[in-house]
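Notes follow the structure.
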Amino acid sequence: MNAVFKSLAVLSLATMTSIVHADIQFNKSEYRYQTPKHIEKLCQAVIKERIAYYTQEGWDLDELDTDPKTACIDVSIELSKTGVSWIDERLNEQSSLPSFQEDLSDIISDLEERFANPKDAHFGAYENIDELSHISTSAVTAQFARDFYGYSFGAHGHYGKSLYVFDLQDKKQLSLDDVITTPAKKSTLTQIAKRHFIEYLKSDVDKAPAMTDEEVREHLQSWEFYLNDNFVFTPDGMTFWYSPYQIGPYVMGYVVIDIPKSKLKGVIKDKYLNQTFTHFDDSSFDDGEDN
């Protein structure tokens, strides 16, 4: 990445959140990109055009970002500061920060071209919003989530949620293969999860009406179901989280598959399935539909 742009990227070390549970103190710091002065100048002209357009359409100006530091490029990435170095390292390397830094010079070039004519720039800003949350702690695991929203001037923004499970005893990030009792049980778990997904498709959820049996068959032909590695353990069992385009179209949004403990006995290792949480916060799951 160009050294000039490196110098423009700043990391705020101010602590945003502090939650203490067991041996883990969950703190976050925020990386905010400092918009280059020449992009701010271009953005000031764009903002004037946007104000004129909002006024013409009778729209509420209070909903318009008029800060040239964020109105054309808005980047906020939360980084972990648990005090547990190996957890922080894994969480931060899986944030969107490395890819943003790698792509930054191209992003700036695109903004320079896109906003060269302010009259053609009524809408849109490059956005990269990456939020980190602490889901749970037990004597066995610590679990976290990242919620990402990005927009780069396409038809719509893109968003997703990544879930992370860390084994505190073995000091490693867990994959699905680590938590199943035997490799053969993965196909069993896949079938269990698929049945829950079919129930989800047949249910009347906010984002879509209930599907008929024929519509379910057609959906599964177009969107093959698979078991992903995006999961967490809960007091009731296990939750798998799918982002748009993974097992359904964008309009379907998130798909959340909850599997109760009763169906996971003998499939998931007891130490993970029966752990006792000293802290569990499911507010990270508010965006999805339970099934």
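Letters A, B, ... mark the chains of the structure tokens in the order given; residue numbers begin at 1 per chain; ligand numbers begin at 1, in order shown.
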Which polymer residues have any atom within 10 Å of an atom of Lys41 in chain A, counting only C-alpha atoms, with same-chain residues fewer than 4 positions away left out, as a PDB file with N, CA, C and O atoms, in the first residue's frame?
ATOM      1  N   PRO A  36      -8.394  11.401   3.402  1.00  0.00           N
ATOM      2  CA  PRO A  36      -7.398  12.351   2.863  1.00  0.00           C
ATOM      3  C   PRO A  36      -8.032  13.704   2.554  1.00  0.00           C
ATOM      4  O   PRO A  36      -9.214  13.790   2.192  1.00  0.00           O
ATOM      5  N   LYS A  37      -7.250  14.766   2.688  1.00  0.00           N
ATOM      6  CA  LYS A  37      -7.764  16.119   2.501  1.00  0.00           C
ATOM      7  C   LYS A  37      -8.336  16.335   1.109  1.00  0.00           C
ATOM      8  O   LYS A  37      -9.354  17.021   0.951  1.00  0.00           O
ATOM      9  N   ALA A  45     -18.010  19.287  -2.263  1.00  0.00           N
ATOM     10  CA  ALA A  45     -18.809  19.613  -3.453  1.00  0.00           C
ATOM     11  C   ALA A  45     -19.948  18.610  -3.633  1.00  0.00           C
ATOM     12  O   ALA A  45     -21.075  18.973  -4.011  1.00  0.00           O
ATOM     13  N   VAL A  46     -19.654  17.335  -3.345  1.00  0.00           N
ATOM     14  CA  VAL A  46     -20.687  16.298  -3.447  1.00  0.00           C
ATOM     15  C   VAL A  46     -21.801  16.562  -2.436  1.00  0.00           C
ATOM     16  O   VAL A  46     -22.996  16.434  -2.752  1.00  0.00           O
ATOM     17  N   PRO A  68     -17.702  15.919   5.652  1.00  0.00           N
ATOM     18  CA  PRO A  68     -16.849  15.467   4.546  1.00  0.00           C
ATOM     19  C   PRO A  68     -15.844  14.388   4.952  1.00  0.00           C
ATOM     20  O   PRO A  68     -15.266  13.736   4.081  1.00  0.00           O
ATOM     21  N   LYS A  69     -15.670  14.162   6.248  1.00  0.00           N
ATOM     22  CA  LYS A  69     -14.766  13.106   6.709  1.00  0.00           C
ATOM     23  C   LYS A  69     -15.391  11.723   6.571  1.00  0.00           C
ATOM     24  O   LYS A  69     -14.689  10.714   6.516  1.00  0.00           O
TER      25      LYS A  69
END
Sort by chain and increasing residue number a table of all residues of range 162-240 of chain A within 9 Å of range 244-265 of chain A, each with its closest pair of atoms and their distance in Å to one decimal, counting only C-alpha atoms, and write it as a Markdown table.
| residue | atom | partner | partner_atom | distance |
| --- | --- | --- | --- | --- |
| A:Leu189 | CA | A:Leu264 | CA | 7.8 |
| A:Ile192 | CA | A:Lys263 | CA | 7.7 |
| A:Ala193 | CA | A:Ile257 | CA | 7.0 |
| A:His196 | CA | A:Ile257 | CA | 6.5 |
| A:Phe197 | CA | A:Ile257 | CA | 6.6 |
| A:Tyr200 | CA | A:Ile257 | CA | 8.0 |
| A:Lys207 | CA | A:Met252 | CA | 5.9 |
| A:Ala208 | CA | A:Met252 | CA | 6.8 |
| A:His219 | CA | A:Gly248 | CA | 7.8 |
| A:Leu220 | CA | A:Ile247 | CA | 8.4 |
| A:Ser222 | CA | A:Gly248 | CA | 8.5 |
| A:Trp223 | CA | A:Ile247 | CA | 5.3 |
| A:Glu224 | CA | A:Ile247 | CA | 6.5 |
| A:Phe225 | CA | A:Ile247 | CA | 5.9 |
| A:Tyr226 | CA | A:Ile247 | CA | 7.7 |
| A:Pro235 | CA | A:Lys261 | CA | 8.7 |
| A:Asp236 | CA | A:Pro260 | CA | 5.7 |
| A:Gly237 | CA | A:Lys261 | CA | 4.3 |
| A:Met238 | CA | A:Ile259 | CA | 5.3 |
| A:Thr239 | CA | A:Asp258 | CA | 4.5 |
| A:Phe240 | CA | A:Ile257 | CA | 5.1 |
Please write the residues from the selection above to a file, keeping C-alpha atoms, as an mmCIF file, in the first residue's frame.
data_model
loop_
_atom_site.group_PDB
_atom_site.id
_atom_site.type_symbol
_atom_site.label_atom_id
_atom_site.label_comp_id
_atom_site.auth_asym_id
_atom_site.auth_seq_id
_atom_site.Cartn_x
_atom_site.Cartn_y
_atom_site.Cartn_z
ATOM 1 C CA LEU A 189 -25.026 -33.334 11.834
ATOM 2 C CA ILE A 192 -29.993 -32.775 11.333
ATOM 3 C CA ALA A 193 -29.242 -29.184 10.297
ATOM 4 C CA HIS A 196 -34.121 -27.747 10.563
ATOM 5 C CA PHE A 197 -33.480 -25.656 7.457
ATOM 6 C CA TYR A 200 -37.353 -22.932 8.405
ATOM 7 C CA LYS A 207 -38.643 -12.017 5.041
ATOM 8 C CA ALA A 208 -40.624 -14.587 3.036
ATOM 9 C CA HIS A 219 -35.027 -24.071 -3.495
ATOM 10 C CA LEU A 220 -32.703 -26.934 -2.565
ATOM 11 C CA SER A 222 -30.936 -23.951 -6.698
ATOM 12 C CA TRP A 223 -29.260 -23.526 -3.317
ATOM 13 C CA GLU A 224 -27.559 -26.693 -2.141
ATOM 14 C CA PHE A 225 -27.538 -26.970 1.632
ATOM 15 C CA TYR A 226 -24.210 -27.431 3.362
ATOM 16 C CA PRO A 235 -27.191 -22.874 26.764
ATOM 17 C CA ASP A 236 -29.800 -24.783 24.727
ATOM 18 C CA GLY A 237 -27.544 -26.399 22.129
ATOM 19 C CA MET A 238 -25.865 -25.067 19.023
ATOM 20 C CA THR A 239 -26.562 -22.315 16.491
ATOM 21 C CA PHE A 240 -25.418 -22.122 12.854
#
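One finds CA of Cys72 in chain A at 20.8 Å from CA of Gln56 in chain A.
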Mind listing the helix (DSSP H, G or I) residues of range 59-207 of chain A, per DSSP on the backbone, as a ChimeraX atom specification?
/A:61-63,85-93,97-114,118-120,176-179,185-202
I'd like the neighbourhood of Gln143 in chain A as a CSV table (one decimal) with all heavy atoms, in the first residue's frame, where a residue qualifies if any of its atoms comes within 8 Å (using only C-alpha atoms), though same-chain residues fewer than 3 positions away should be ignored.
chain,number,residue,atom,x,y,z
A,134,HIS,N,-18.8,-9.7,22.2
A,134,HIS,CA,-18.5,-10.9,23.0
A,134,HIS,C,-19.8,-11.6,23.3
A,134,HIS,O,-20.7,-11.1,24.0
A,134,HIS,CB,-17.8,-10.4,24.3
A,134,HIS,CG,-17.5,-11.4,25.3
A,134,HIS,ND1,-17.4,-11.2,26.7
A,134,HIS,CD2,-17.2,-12.7,25.2
A,134,HIS,CE1,-17.1,-12.3,27.3
A,134,HIS,NE2,-16.9,-13.2,26.4
A,135,ILE,N,-19.9,-12.9,22.9
A,135,ILE,CA,-21.1,-13.6,23.1
A,135,ILE,C,-21.1,-14.3,24.5
A,135,ILE,O,-22.0,-14.3,25.2
A,135,ILE,CB,-21.3,-14.7,22.0
A,135,ILE,CG1,-21.4,-14.0,20.6
A,135,ILE,CG2,-22.5,-15.6,22.3
A,135,ILE,CD1,-21.4,-15.0,19.5
A,136,SER,N,-20.0,-15.1,24.8
A,136,SER,CA,-20.0,-15.9,26.0
A,136,SER,C,-18.7,-16.3,26.5
A,136,SER,O,-17.7,-16.2,25.8
A,136,SER,CB,-20.8,-17.2,25.7
A,136,SER,OG,-20.1,-18.1,24.9
A,137,THR,N,-18.7,-16.7,27.7
A,137,THR,CA,-17.5,-17.3,28.4
A,137,THR,C,-17.9,-18.4,29.2
A,137,THR,O,-19.0,-18.3,29.9
A,137,THR,CB,-16.7,-16.2,29.2
A,137,THR,OG1,-16.3,-15.1,28.4
A,137,THR,CG2,-15.5,-16.9,29.8
A,163,LEU,N,-18.8,-16.0,13.3
A,163,LEU,CA,-18.8,-16.4,14.7
A,163,LEU,C,-17.5,-17.1,15.0
A,163,LEU,O,-17.0,-17.9,14.2
A,163,LEU,CB,-20.0,-17.4,14.9
A,163,LEU,CG,-21.4,-16.8,14.6
A,163,LEU,CD1,-22.5,-17.9,14.7
A,163,LEU,CD2,-21.7,-15.6,15.5
A,164,TYR,N,-17.0,-16.9,16.2
A,164,TYR,CA,-15.7,-17.5,16.6
A,164,TYR,C,-15.8,-18.2,17.9
A,164,TYR,O,-16.4,-17.6,18.9
A,164,TYR,CB,-14.7,-16.4,16.7
A,164,TYR,CG,-14.6,-15.5,15.5
A,164,TYR,CD1,-15.3,-14.3,15.5
A,164,TYR,CD2,-13.9,-15.8,14.4
A,164,TYR,CE1,-15.3,-13.4,14.4
A,164,TYR,CE2,-13.8,-15.0,13.3
A,164,TYR,CZ,-14.5,-13.8,13.3
A,164,TYR,OH,-14.5,-13.0,12.2
A,165,VAL,N,-15.3,-19.4,18.0
A,165,VAL,CA,-15.3,-20.2,19.2
A,165,VAL,C,-13.9,-20.6,19.5
A,165,VAL,O,-13.2,-21.2,18.7
A,165,VAL,CB,-16.1,-21.5,19.1
A,165,VAL,CG1,-16.2,-22.3,20.4
A,165,VAL,CG2,-17.5,-21.2,18.6
A,166,PHE,N,-13.4,-20.2,20.7
A,166,PHE,CA,-12.1,-20.5,21.2
A,166,PHE,C,-12.1,-21.4,22.4
A,166,PHE,O,-12.8,-21.2,23.3
A,166,PHE,CB,-11.4,-19.2,21.6
A,166,PHE,CG,-11.2,-18.2,20.4
A,166,PHE,CD1,-12.0,-17.1,20.3
A,166,PHE,CD2,-10.2,-18.4,19.5
A,166,PHE,CE1,-11.9,-16.2,19.3
A,166,PHE,CE2,-10.0,-17.5,18.5
A,166,PHE,CZ,-10.9,-16.4,18.3
A,232,VAL,N,-21.9,-21.3,17.0
A,232,VAL,CA,-21.6,-21.1,18.4
A,232,VAL,C,-22.4,-22.1,19.2
A,232,VAL,O,-23.4,-22.6,18.8
A,232,VAL,CB,-21.9,-19.6,18.9
A,232,VAL,CG1,-21.0,-18.6,18.3
A,232,VAL,CG2,-23.3,-19.3,18.6
Please compute the CA of Gly154 in chain A-CA of Ser133 in chain A distance, one decimal, in Å.
27.6 Å
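Residues within 10 Å of Lys186 in chain A, counting only C-alpha atoms and excluding same-chain residues fewer than 5 positions away, are Leu176, Asp177, Val179, Ile180, Thr181, Gln191, Ile192, Leu227, Val267 and Ile268 of chain A.
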Within 8 Å of Leu168 in chain A, counting only C-alpha atoms, which residues show up once you throw out same-chain ones fewer than 5 positions away? Write them as an MDAnalysis selection string, please.
chainID A and resid 139:142
Would you compute the distance between CA of Asp110 in chain A and CA of Glu93 in chain A? Give it in Å to one decimal.
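Separation of CA of Asp110 in chain A and CA of Glu93 in chain A: 25.5 Å.
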Residues of range 138-198 of chain A in strand (DSSP E or B) according to DSSP, as a VMD selection string?
chain A and resid 138 141 to 151 158 to 167 172 to 173 180
Between A:Ser85, A:Asn27, A:Asn117, A:Ser105, which one has atoms that come closest to Ile47 in chain A, using only C-alpha atoms?
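With only C-alpha atoms as the atom set, the closest residue is A:Asn117.
Between Phe277 in chain A and the candidates A:Gln173, A:Ser138, A:Thr234, A:Gln221, the tightest atom-to-atom separation, counting only C-alpha atoms, involves A:Ser138.
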Choose the residue, out of A:Lys185, A:Lys194, A:Arg146, A:Lys202, that has the smallest atom-to-atom separation from Lys269 in chain A; count only C-alpha atoms.
A:Lys185
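Excluding Ile129 in chain A itself and any same-chain residue fewer than 4 positions from it, the protein and nucleic acid residues within 9 Å of it, counting only C-alpha atoms, are Asp74, Val75, Ser76, Ile77, Glu78, Ser96, Asp147, Phe148, Tyr149 and Gly150 of chain A.
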Save the residues we just selected, N, CA, C and O atoms, as a PDB file, in the first residue's frame?
ATOM      1  N   ASP A  74     -16.537   5.971   4.732  1.00  0.00           N
ATOM      2  CA  ASP A  74     -16.782   5.771   6.158  1.00  0.00           C
ATOM      3  C   ASP A  74     -16.277   4.386   6.541  1.00  0.00           C
ATOM      4  O   ASP A  74     -16.840   3.371   6.126  1.00  0.00           O
ATOM      5  N   VAL A  75     -15.204   4.353   7.308  1.00  0.00           N
ATOM      6  CA  VAL A  75     -14.581   3.086   7.687  1.00  0.00           C
ATOM      7  C   VAL A  75     -14.412   3.045   9.201  1.00  0.00           C
ATOM      8  O   VAL A  75     -13.748   3.916   9.782  1.00  0.00           O
ATOM      9  N   SER A  76     -15.039   2.070   9.830  1.00  0.00           N
ATOM     10  CA  SER A  76     -14.909   1.872  11.272  1.00  0.00           C
ATOM     11  C   SER A  76     -14.770   0.374  11.530  1.00  0.00           C
ATOM     12  O   SER A  76     -15.662  -0.403  11.186  1.00  0.00           O
ATOM     13  N   ILE A  77     -13.654  -0.021  12.114  1.00  0.00           N
ATOM     14  CA  ILE A  77     -13.369  -1.440  12.336  1.00  0.00           C
ATOM     15  C   ILE A  77     -12.989  -1.629  13.803  1.00  0.00           C
ATOM     16  O   ILE A  77     -12.033  -1.024  14.278  1.00  0.00           O
ATOM     17  N   GLU A  78     -13.738  -2.455  14.510  1.00  0.00           N
ATOM     18  CA  GLU A  78     -13.458  -2.703  15.916  1.00  0.00           C
ATOM     19  C   GLU A  78     -12.460  -3.839  16.073  1.00  0.00           C
ATOM     20  O   GLU A  78     -12.602  -4.896  15.447  1.00  0.00           O
ATOM     21  N   SER A  96     -11.852  -7.069   8.970  1.00  0.00           N
ATOM     22  CA  SER A  96     -11.758  -6.570   7.598  1.00  0.00           C
ATOM     23  C   SER A  96     -10.596  -5.601   7.414  1.00  0.00           C
ATOM     24  O   SER A  96     -10.376  -5.096   6.314  1.00  0.00           O
ATOM     25  N   ASP A 147     -19.924  -8.467  13.109  1.00  0.00           N
ATOM     26  CA  ASP A 147     -20.970  -8.062  12.176  1.00  0.00           C
ATOM     27  C   ASP A 147     -20.370  -7.071  11.189  1.00  0.00           C
ATOM     28  O   ASP A 147     -19.810  -6.040  11.598  1.00  0.00           O
ATOM     29  N   PHE A 148     -20.512  -7.386   9.910  1.00  0.00           N
ATOM     30  CA  PHE A 148     -19.885  -6.558   8.879  1.00  0.00           C
ATOM     31  C   PHE A 148     -20.942  -6.002   7.937  1.00  0.00           C
ATOM     32  O   PHE A 148     -21.882  -6.695   7.539  1.00  0.00           O
ATOM     33  N   TYR A 149     -20.776  -4.713   7.601  1.00  0.00           N
ATOM     34  CA  TYR A 149     -21.560  -4.113   6.523  1.00  0.00           C
ATOM     35  C   TYR A 149     -20.609  -3.358   5.611  1.00  0.00           C
ATOM     36  O   TYR A 149     -19.748  -2.594   6.078  1.00  0.00           O
ATOM     37  N   GLY A 150     -20.745  -3.596   4.320  1.00  0.00           N
ATOM     38  CA  GLY A 150     -19.914  -2.892   3.356  1.00  0.00           C
ATOM     39  C   GLY A 150     -20.726  -2.433   2.163  1.00  0.00           C
ATOM     40  O   GLY A 150     -21.712  -3.063   1.776  1.00  0.00           O
TER      41      GLY A 150
END
Who sits within 12 Å of Glu49 in chain A, only C-alpha atoms, same chain under 3 positions skipped, as a ChimeraX atom specification:
/A:42-46,52-56,64,66,115,117-123
Of the candidates A:Tyr126, A:Phe280, A:Tyr31, A:Trp86, which one gets nearest to Leu104 in chain A if we count only C-alpha atoms?
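Between A:Tyr126, A:Phe280, A:Tyr31, A:Trp86, the residue approaching Leu104 in chain A most closely is A:Tyr126.
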